[in-house]
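Everything on this sheet refers to the single structure shown next.
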Amino acid sequence: MMGRYIIRILRRKREEDKSYWQDFEYELNSPGDTVASALRNINSREDLKDASGNKAEPVIWESSCMQQKCGACAMVINGRPGLACGTKLAGFKKPVVKVEPLRKFPVIADLMTDRSILYENLKTLRIWLECDAELSREDIDRAFEASECIQCGCCLEVCPNFYCGGTFFGMNGVPLANRLLTESDRAEYEKAASEYKKHIFNGCGKSLACRDICPRGIDTEKMMVNANALAVWKRRKK
Amino acid sequence: MKSDMEQISNLSGYVNIVGAGISGLSAAITLASSGIRCNLISSMPSERAQSVLAEGGINAALDNMGEGDSPEEHFADTMRGGCYLETESCIHGLTKGAPDIINELARFGVPFTREDNKIIQRPFGGQKKRRTCYSKSSTGKMIMTALIDVVRKYESEGLVVRYPDHVLTGADIKEGILNFVTVKSRMTGDVIVLPGPAVICCGGLNGFFEGFTTGTTQNTGDCAAILFNEGVEFANLEFIQYHPTTVAIADKRMLISEAARGEGGRLYIERGGEPWYFMEEKYPESGNLMPRDVVSREMFKVMRDPSLGGTVYLDMREISKSCWKNKLSDLREEIRSYLLVDPAVTPVPVAPGIHFFMGGIRVDDGHRTNIKGLYAAGECASKYHGANRLGGNSMLAAVYGGKTAAESVIKDAGVLSGILNIQEIGKADHSDPVYDADTILSGSVRNILIRGLGIIRDEDSITSAIDELGKLYKEGMHDIDLKRIKLAEAMLMCARERKESRGAHVRSDYPDTLDDYKKTTCCSMNNGKIIITMQDPLKERR
Ligand SMILES: Cc1cc2nc3c(=O)[nH]c(=O)nc-3n(C[C@H](O)[C@H](O)[C@H](O)COP(=O)(O)OP(=O)(O)OC[C@H]3O[C@@H](n4cnc5c(N)ncnc54)[C@H](O)[C@@H]3O)c2cc1C
Ligand code: FES
């Protein structure tokens, strides 16, 4: 749908402030325009005003690749987590699009959140190779898919069991665990397997809420089944 | 006299790497594996660095295709592609080191596409042999994932300390020596002082052309602008690579990897209602796989010819089903999703777009800058690519350059620990919100640069761009905005100074390549003035 859109943004200057909604108008320039296009356009306006004509501050948000390949711009759009640069405005039925920061992570300001817990958890999980990789022909595709995770956090946003600082780490470490376990003999991974069991296997309620959410289309269910087989059931890599 | 080991361990904890893409990670791995603790600073985590976008592949003369390839041939292609503007010694180092780099990446678990367990190699522009190793069309992402995991292990051992949401805000340089850098957290606003030598790996100058490049918004160019204004010498800023096959999508130009042509894609324009495969007719030997500067220039010419169709198409219809499936499935998906056409069925309209910066911080073969204690590697450094980079050589240069720069830090440990005033890493006594460059002003700078630094340039357009830039200076403007304008001016001045055509720098008023200009365009700031000189390519700083 072309025409005028309202971008309704949940804002706050600092974490401790109360958040409020602010509307901005955005004229759709082309059917390819995304939520990121609108945010960029809003921030490039001289004397920025909101839809009611009040003076407004530029919107704080993060972006990098603008091509759904880096995870920087993850946010909640009309109630669903996704990438701003991959969410086309024309795809929505109504011309009012609500944009909020991810809710599972501390808000820095406006749409920018602190996702550092993702990286801390990967360290606890000991996500690194302990020995040289050995890839057979069949492993290549699996390792490829497992290496695609962009650490955006969307899968954690929808997970009923994940919260920041909890013992359950959620899905974001699973593809990478797959990579390690696929690429080398699991005997080296006693410690990693035990962390995996503690922080992923034991806490996952199998709600599979993360199944259709990955913006890179990673098959989370397949990843989980495979990582469980290798790490928990100790099925040796063929 | 302290022993070498003692001098090296003195540096531990005091080496700062600014940028955590391929080159920054490579430098960190080299230092950490030698037991030197380093700080790895980046405005965002590595997963968001531009390197994850690299698609088509990385070059090394493995000769896995049995064509008799060798590092010498890789050397010859790189020198010729770059129009002989580099030192032979550094290209020898790069091309000889390449096979080991690929083997190391494979050990780190990069899932290179293979056949019969051998890494297979595809043809890329400007190269006579199939030399480009790849992971489908997501090579950069695959390499980054593997390198990030290696660095994570060093993080857990305390050998790499990440500052993953920090931008560079200053570099304290006095009497030609770097004392410390300051970085600021984008989350808390805290400013941290990091003493010691620094390896700059901050990527290309995309931020000067926001919305018009294939790269990321994260590489703002602020880091380069700060260093330039502190007296760091830059080189060859006029050489900007326009990639032949890009498409405008919302907010940027999307790259269609050279792999598409490597695997059989062909360029045409309509002539008298029929497709004319102009590259194949004009360059029968290499056709669509001529170096990028040549292809972009030819496209520019045919697109402006009123007797032709106006739009150039990339015709990928002859790529086989199995090739789409095994080698380019991700590229096909991307084109389908953004352009709503299936490239296996419908030719895609393409145009040249800004893609890579051959120019940057001037370094010697050891990646030393003109400032003691300051090194640079990756796309922010001007090294290896001369006047035009060959596809697949920049990821290679990023891995090799990061490693070489880190090795130089280790070699220089004696000098560095002697001259550097090592103090505690500390928080500065102030914190303030991060200032992002003025977007409206940046837009004006970009529009001026695009007018002055198009695919084909001349004295008048460059000079009028310089004049227009001059009008943007205002009383009381923010420091970073001022610094950005200075670096932009330097880019234009480099382009004006090179009165010839070579590689990616094409002057309609000076169409010939001249021996007198087989030199590096050097630029630096001195007392607020930009100085440009032409000098020989730099092998070693003394
Ligand atoms: C779409 C695309 C496709 C490509 N395909 C290929 C290919 O197939 N083969 C090939 O060889 N090359 C390719 N390239 C080029 C290649 O990817 C890059 O040249 C290379 O990855 C650069 O790596 P780098 O480490 O120098 O920088 P980057 O990966 O750009 O990383 C820069 C780092 O610096 C940090 N940074 C930037 N500014 C600041 C600041 N002010 N303060 C603190 N930190 C900062 C960023 O956070 C980031 O961590 C491609 C490039 C693009 C854009
Ligand atoms: S900006 Fe990279 S995923 Fe949106």
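Residues in the structure tokens are named by chain (A, B, ... in the order shown) and by number from 1 within that chain; ligands are numbered from 1 in the order shown.
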inquiry  = Just want the 7 Å neighbourhood of B:Gly386, counted on only C-alpha atoms, with same-chain residues fewer than 5 positions away dropped. Output as JSON, numbers by chain.
reply    = {"B": [82, 83, 84, 85, 86, 358]}
Selection file, N, CA, C and O atoms, as a PDB file, in the first residue's frame:
```
ATOM      1  N   GLY B  82      46.104  -3.564 -10.176  1.00  0.00           N
ATOM      2  CA  GLY B  82      46.294  -2.328  -9.418  1.00  0.00           C
ATOM      3  C   GLY B  82      47.083  -1.273 -10.177  1.00  0.00           C
ATOM      4  O   GLY B  82      47.428  -0.226  -9.611  1.00  0.00           O
ATOM      5  N   CYS B  83      47.384  -1.542 -11.449  1.00  0.00           N
ATOM      6  CA  CYS B  83      48.091  -0.603 -12.336  1.00  0.00           C
ATOM      7  C   CYS B  83      49.450  -0.197 -11.767  1.00  0.00           C
ATOM      8  O   CYS B  83      49.842   0.968 -11.849  1.00  0.00           O
ATOM      9  N   TYR B  84      50.110  -1.142 -11.160  1.00  0.00           N
ATOM     10  CA  TYR B  84      51.516  -1.000 -10.742  1.00  0.00           C
ATOM     11  C   TYR B  84      51.750   0.136  -9.747  1.00  0.00           C
ATOM     12  O   TYR B  84      52.769   0.801  -9.789  1.00  0.00           O
ATOM     13  N   LEU B  85      50.811   0.323  -8.851  1.00  0.00           N
ATOM     14  CA  LEU B  85      51.011   1.401  -7.867  1.00  0.00           C
ATOM     15  C   LEU B  85      51.459   0.886  -6.506  1.00  0.00           C
ATOM     16  O   LEU B  85      51.452   1.621  -5.539  1.00  0.00           O
ATOM     17  N   GLU B  86      51.789  -0.392  -6.412  1.00  0.00           N
ATOM     18  CA  GLU B  86      52.187  -0.920  -5.105  1.00  0.00           C
ATOM     19  C   GLU B  86      53.650  -1.385  -5.118  1.00  0.00           C
ATOM     20  O   GLU B  86      54.228  -1.606  -6.174  1.00  0.00           O
ATOM     21  N   MET B 358      40.264   1.994  -2.256  1.00  0.00           N
ATOM     22  CA  MET B 358      41.672   1.581  -2.335  1.00  0.00           C
ATOM     23  C   MET B 358      42.530   2.516  -1.489  1.00  0.00           C
ATOM     24  O   MET B 358      43.588   2.152  -1.015  1.00  0.00           O
TER      25      MET B 358
END
```
request  = Name each residue within 9 Å of ligand 2, counting only C-alpha atoms and all ligand atoms, as a list in words.
outcome  = Ala36, Glu62, Ser63, Ser64, Cys65, Met66, Gln67, Gln68, Lys69, Cys70, Gly71, Ala72, Cys73, Ala74, Gly82, Leu83, Ala84, Cys85, Gly86, Ile150, Cys152 and Pro215 of chain A; Arg48, Thr216 and Thr217 of chain B
Once you count only C-alpha atoms, what closest atom pair and distance in Å to one decimal does each residue of chain B within 8 Å of chain A have, with rows by chain and rising residue number, as JSON lines?
```
{"residue": "B:Glu47", "atom": "CA", "partner": "A:Cys70", "partner_atom": "CA", "distance": 6.0}
{"residue": "B:Arg48", "atom": "CA", "partner": "A:Cys70", "partner_atom": "CA", "distance": 4.5}
{"residue": "B:Ala49", "atom": "CA", "partner": "A:Cys70", "partner_atom": "CA", "distance": 7.4}
{"residue": "B:Gln50", "atom": "CA", "partner": "A:Cys65", "partner_atom": "CA", "distance": 6.8}
{"residue": "B:Val52", "atom": "CA", "partner": "A:Cys70", "partner_atom": "CA", "distance": 7.2}
{"residue": "B:Leu53", "atom": "CA", "partner": "A:Lys69", "partner_atom": "CA", "distance": 6.9}
{"residue": "B:Ala106", "atom": "CA", "partner": "A:Ala133", "partner_atom": "CA", "distance": 7.0}
{"residue": "B:Arg107", "atom": "CA", "partner": "A:Asp132", "partner_atom": "CA", "distance": 4.8}
{"residue": "B:Phe108", "atom": "CA", "partner": "A:Ala133", "partner_atom": "CA", "distance": 5.9}
{"residue": "B:Gly109", "atom": "CA", "partner": "A:Ala133", "partner_atom": "CA", "distance": 4.9}
{"residue": "B:Pro111", "atom": "CA", "partner": "A:Ile140", "partner_atom": "CA", "distance": 5.4}
{"residue": "B:Phe112", "atom": "CA", "partner": "A:Ile140", "partner_atom": "CA", "distance": 7.5}
{"residue": "B:Thr113", "atom": "CA", "partner": "A:Ile140", "partner_atom": "CA", "distance": 7.3}
{"residue": "B:Arg114", "atom": "CA", "partner": "A:Arg137", "partner_atom": "CA", "distance": 7.0}
{"residue": "B:Glu115", "atom": "CA", "partner": "A:Arg137", "partner_atom": "CA", "distance": 7.5}
{"residue": "B:Asp116", "atom": "CA", "partner": "A:Arg137", "partner_atom": "CA", "distance": 7.5}
{"residue": "B:Asn117", "atom": "CA", "partner": "A:Arg137", "partner_atom": "CA", "distance": 6.3}
{"residue": "B:Ser135", "atom": "CA", "partner": "A:Phe144", "partner_atom": "CA", "distance": 7.8}
{"residue": "B:Lys141", "atom": "CA", "partner": "A:Glu148", "partner_atom": "CA", "distance": 7.1}
{"residue": "B:Met142", "atom": "CA", "partner": "A:Ser147", "partner_atom": "CA", "distance": 6.1}
{"residue": "B:Thr145", "atom": "CA", "partner": "A:Ser147", "partner_atom": "CA", "distance": 5.9}
{"residue": "B:Ala146", "atom": "CA", "partner": "A:Ser147", "partner_atom": "CA", "distance": 7.9}
{"residue": "B:Asp149", "atom": "CA", "partner": "A:Trp128", "partner_atom": "CA", "distance": 4.8}
{"residue": "B:Val150", "atom": "CA", "partner": "A:Trp128", "partner_atom": "CA", "distance": 6.0}
{"residue": "B:Arg152", "atom": "CA", "partner": "A:Lys123", "partner_atom": "CA", "distance": 6.6}
{"residue": "B:Lys153", "atom": "CA", "partner": "A:Trp128", "partner_atom": "CA", "distance": 5.9}
{"residue": "B:Ser156", "atom": "CA", "partner": "A:Lys123", "partner_atom": "CA", "distance": 6.6}
{"residue": "B:Met187", "atom": "CA", "partner": "A:Ile108", "partner_atom": "CA", "distance": 6.1}
{"residue": "B:Gly215", "atom": "CA", "partner": "A:Cys65", "partner_atom": "CA", "distance": 6.6}
{"residue": "B:Thr216", "atom": "CA", "partner": "A:Cys65", "partner_atom": "CA", "distance": 4.5}
{"residue": "B:Thr217", "atom": "CA", "partner": "A:Ser64", "partner_atom": "CA", "distance": 4.7}
{"residue": "B:Gln218", "atom": "CA", "partner": "A:Ser64", "partner_atom": "CA", "distance": 5.0}
{"residue": "B:Ile249", "atom": "CA", "partner": "A:Gly32", "partner_atom": "CA", "distance": 7.1}
{"residue": "B:Ala250", "atom": "CA", "partner": "A:Asp33", "partner_atom": "CA", "distance": 5.5}
{"residue": "B:Asp251", "atom": "CA", "partner": "A:Ser37", "partner_atom": "CA", "distance": 6.1}
{"residue": "B:Lys252", "atom": "CA", "partner": "A:Met66", "partner_atom": "CA", "distance": 7.2}
{"residue": "B:Met254", "atom": "CA", "partner": "A:Gln67", "partner_atom": "CA", "distance": 7.9}
{"residue": "B:Tyr338", "atom": "CA", "partner": "A:Gly32", "partner_atom": "CA", "distance": 7.7}
{"residue": "B:Thr439", "atom": "CA", "partner": "A:Ser44", "partner_atom": "CA", "distance": 5.8}
{"residue": "B:Ile440", "atom": "CA", "partner": "A:Ser44", "partner_atom": "CA", "distance": 6.0}
```
Store the residues picked out above, limited to C-alpha atoms, as a PDB file, in the first residue's frame.
```
ATOM      1  CA  GLU B  47      28.669  -9.847  13.936  1.00  0.00           C
ATOM      2  CA  ARG B  48      27.607  -6.411  12.665  1.00  0.00           C
ATOM      3  CA  ALA B  49      30.880  -5.457  10.905  1.00  0.00           C
ATOM      4  CA  GLN B  50      30.886  -4.877   7.172  1.00  0.00           C
ATOM      5  CA  VAL B  52      29.949 -10.144   7.113  1.00  0.00           C
ATOM      6  CA  LEU B  53      28.599  -8.790   3.838  1.00  0.00           C
ATOM      7  CA  ALA B 106      39.718 -24.119   6.892  1.00  0.00           C
ATOM      8  CA  ARG B 107      41.210 -25.352  10.181  1.00  0.00           C
ATOM      9  CA  PHE B 108      39.132 -22.700  11.963  1.00  0.00           C
ATOM     10  CA  GLY B 109      36.111 -24.336  10.360  1.00  0.00           C
ATOM     11  CA  PRO B 111      32.857 -24.251   5.366  1.00  0.00           C
ATOM     12  CA  PHE B 112      34.469 -23.540   2.012  1.00  0.00           C
ATOM     13  CA  THR B 113      32.575 -25.093  -0.876  1.00  0.00           C
ATOM     14  CA  ARG B 114      34.296 -28.349  -1.787  1.00  0.00           C
ATOM     15  CA  GLU B 115      34.283 -31.168  -4.284  1.00  0.00           C
ATOM     16  CA  ASP B 116      35.915 -34.477  -3.448  1.00  0.00           C
ATOM     17  CA  ASN B 117      37.006 -32.891  -0.204  1.00  0.00           C
ATOM     18  CA  SER B 135      31.389 -20.473   0.789  1.00  0.00           C
ATOM     19  CA  LYS B 141      29.925 -14.207   6.993  1.00  0.00           C
ATOM     20  CA  MET B 142      31.423 -17.701   7.164  1.00  0.00           C
ATOM     21  CA  THR B 145      31.778 -16.614  12.300  1.00  0.00           C
ATOM     22  CA  ALA B 146      34.902 -18.762  12.461  1.00  0.00           C
ATOM     23  CA  ASP B 149      34.784 -18.090  17.698  1.00  0.00           C
ATOM     24  CA  VAL B 150      38.594 -18.180  17.763  1.00  0.00           C
ATOM     25  CA  ARG B 152      36.034 -15.841  21.925  1.00  0.00           C
ATOM     26  CA  LYS B 153      38.413 -18.444  23.247  1.00  0.00           C
ATOM     27  CA  SER B 156      37.722 -16.352  27.906  1.00  0.00           C
ATOM     28  CA  MET B 187      25.651   2.755  25.670  1.00  0.00           C
ATOM     29  CA  GLY B 215      28.718  -1.263   2.576  1.00  0.00           C
ATOM     30  CA  THR B 216      27.421  -0.568   6.072  1.00  0.00           C
ATOM     31  CA  THR B 217      26.236   2.539   7.882  1.00  0.00           C
ATOM     32  CA  GLN B 218      28.542   1.569  10.742  1.00  0.00           C
ATOM     33  CA  ILE B 249      17.348  -0.977  -2.983  1.00  0.00           C
ATOM     34  CA  ALA B 250      15.825   0.957  -0.095  1.00  0.00           C
ATOM     35  CA  ASP B 251      18.617   2.840   1.719  1.00  0.00           C
ATOM     36  CA  LYS B 252      21.648   1.480  -0.111  1.00  0.00           C
ATOM     37  CA  MET B 254      22.877  -3.958  -3.099  1.00  0.00           C
ATOM     38  CA  TYR B 338      14.740  -7.731  -2.961  1.00  0.00           C
ATOM     39  CA  THR B 439      23.100  13.942   9.123  1.00  0.00           C
ATOM     40  CA  ILE B 440      22.000  16.924   7.075  1.00  0.00           C
TER      41      ILE B 440
END
```
key: Contacts with ligand 1 at most 7 Å, only C-alpha atoms and all ligand atoms counted, listed as a PyMOL selection string   = chain B and resi 18-24+41-46+49-58+139-140+166-168+201-204+214-216+218-223+254-255+257+355-356+377-380+391-396+398
query = Which residues come within 10 Å of stretch 506-510 of chain B, counting only C-alpha atoms, excluding same-chain residues fewer than 2 positions away, as a ChimeraX atom specification?
reply = /B:238-239,293,297,453-460,495-496,498-504,512-514
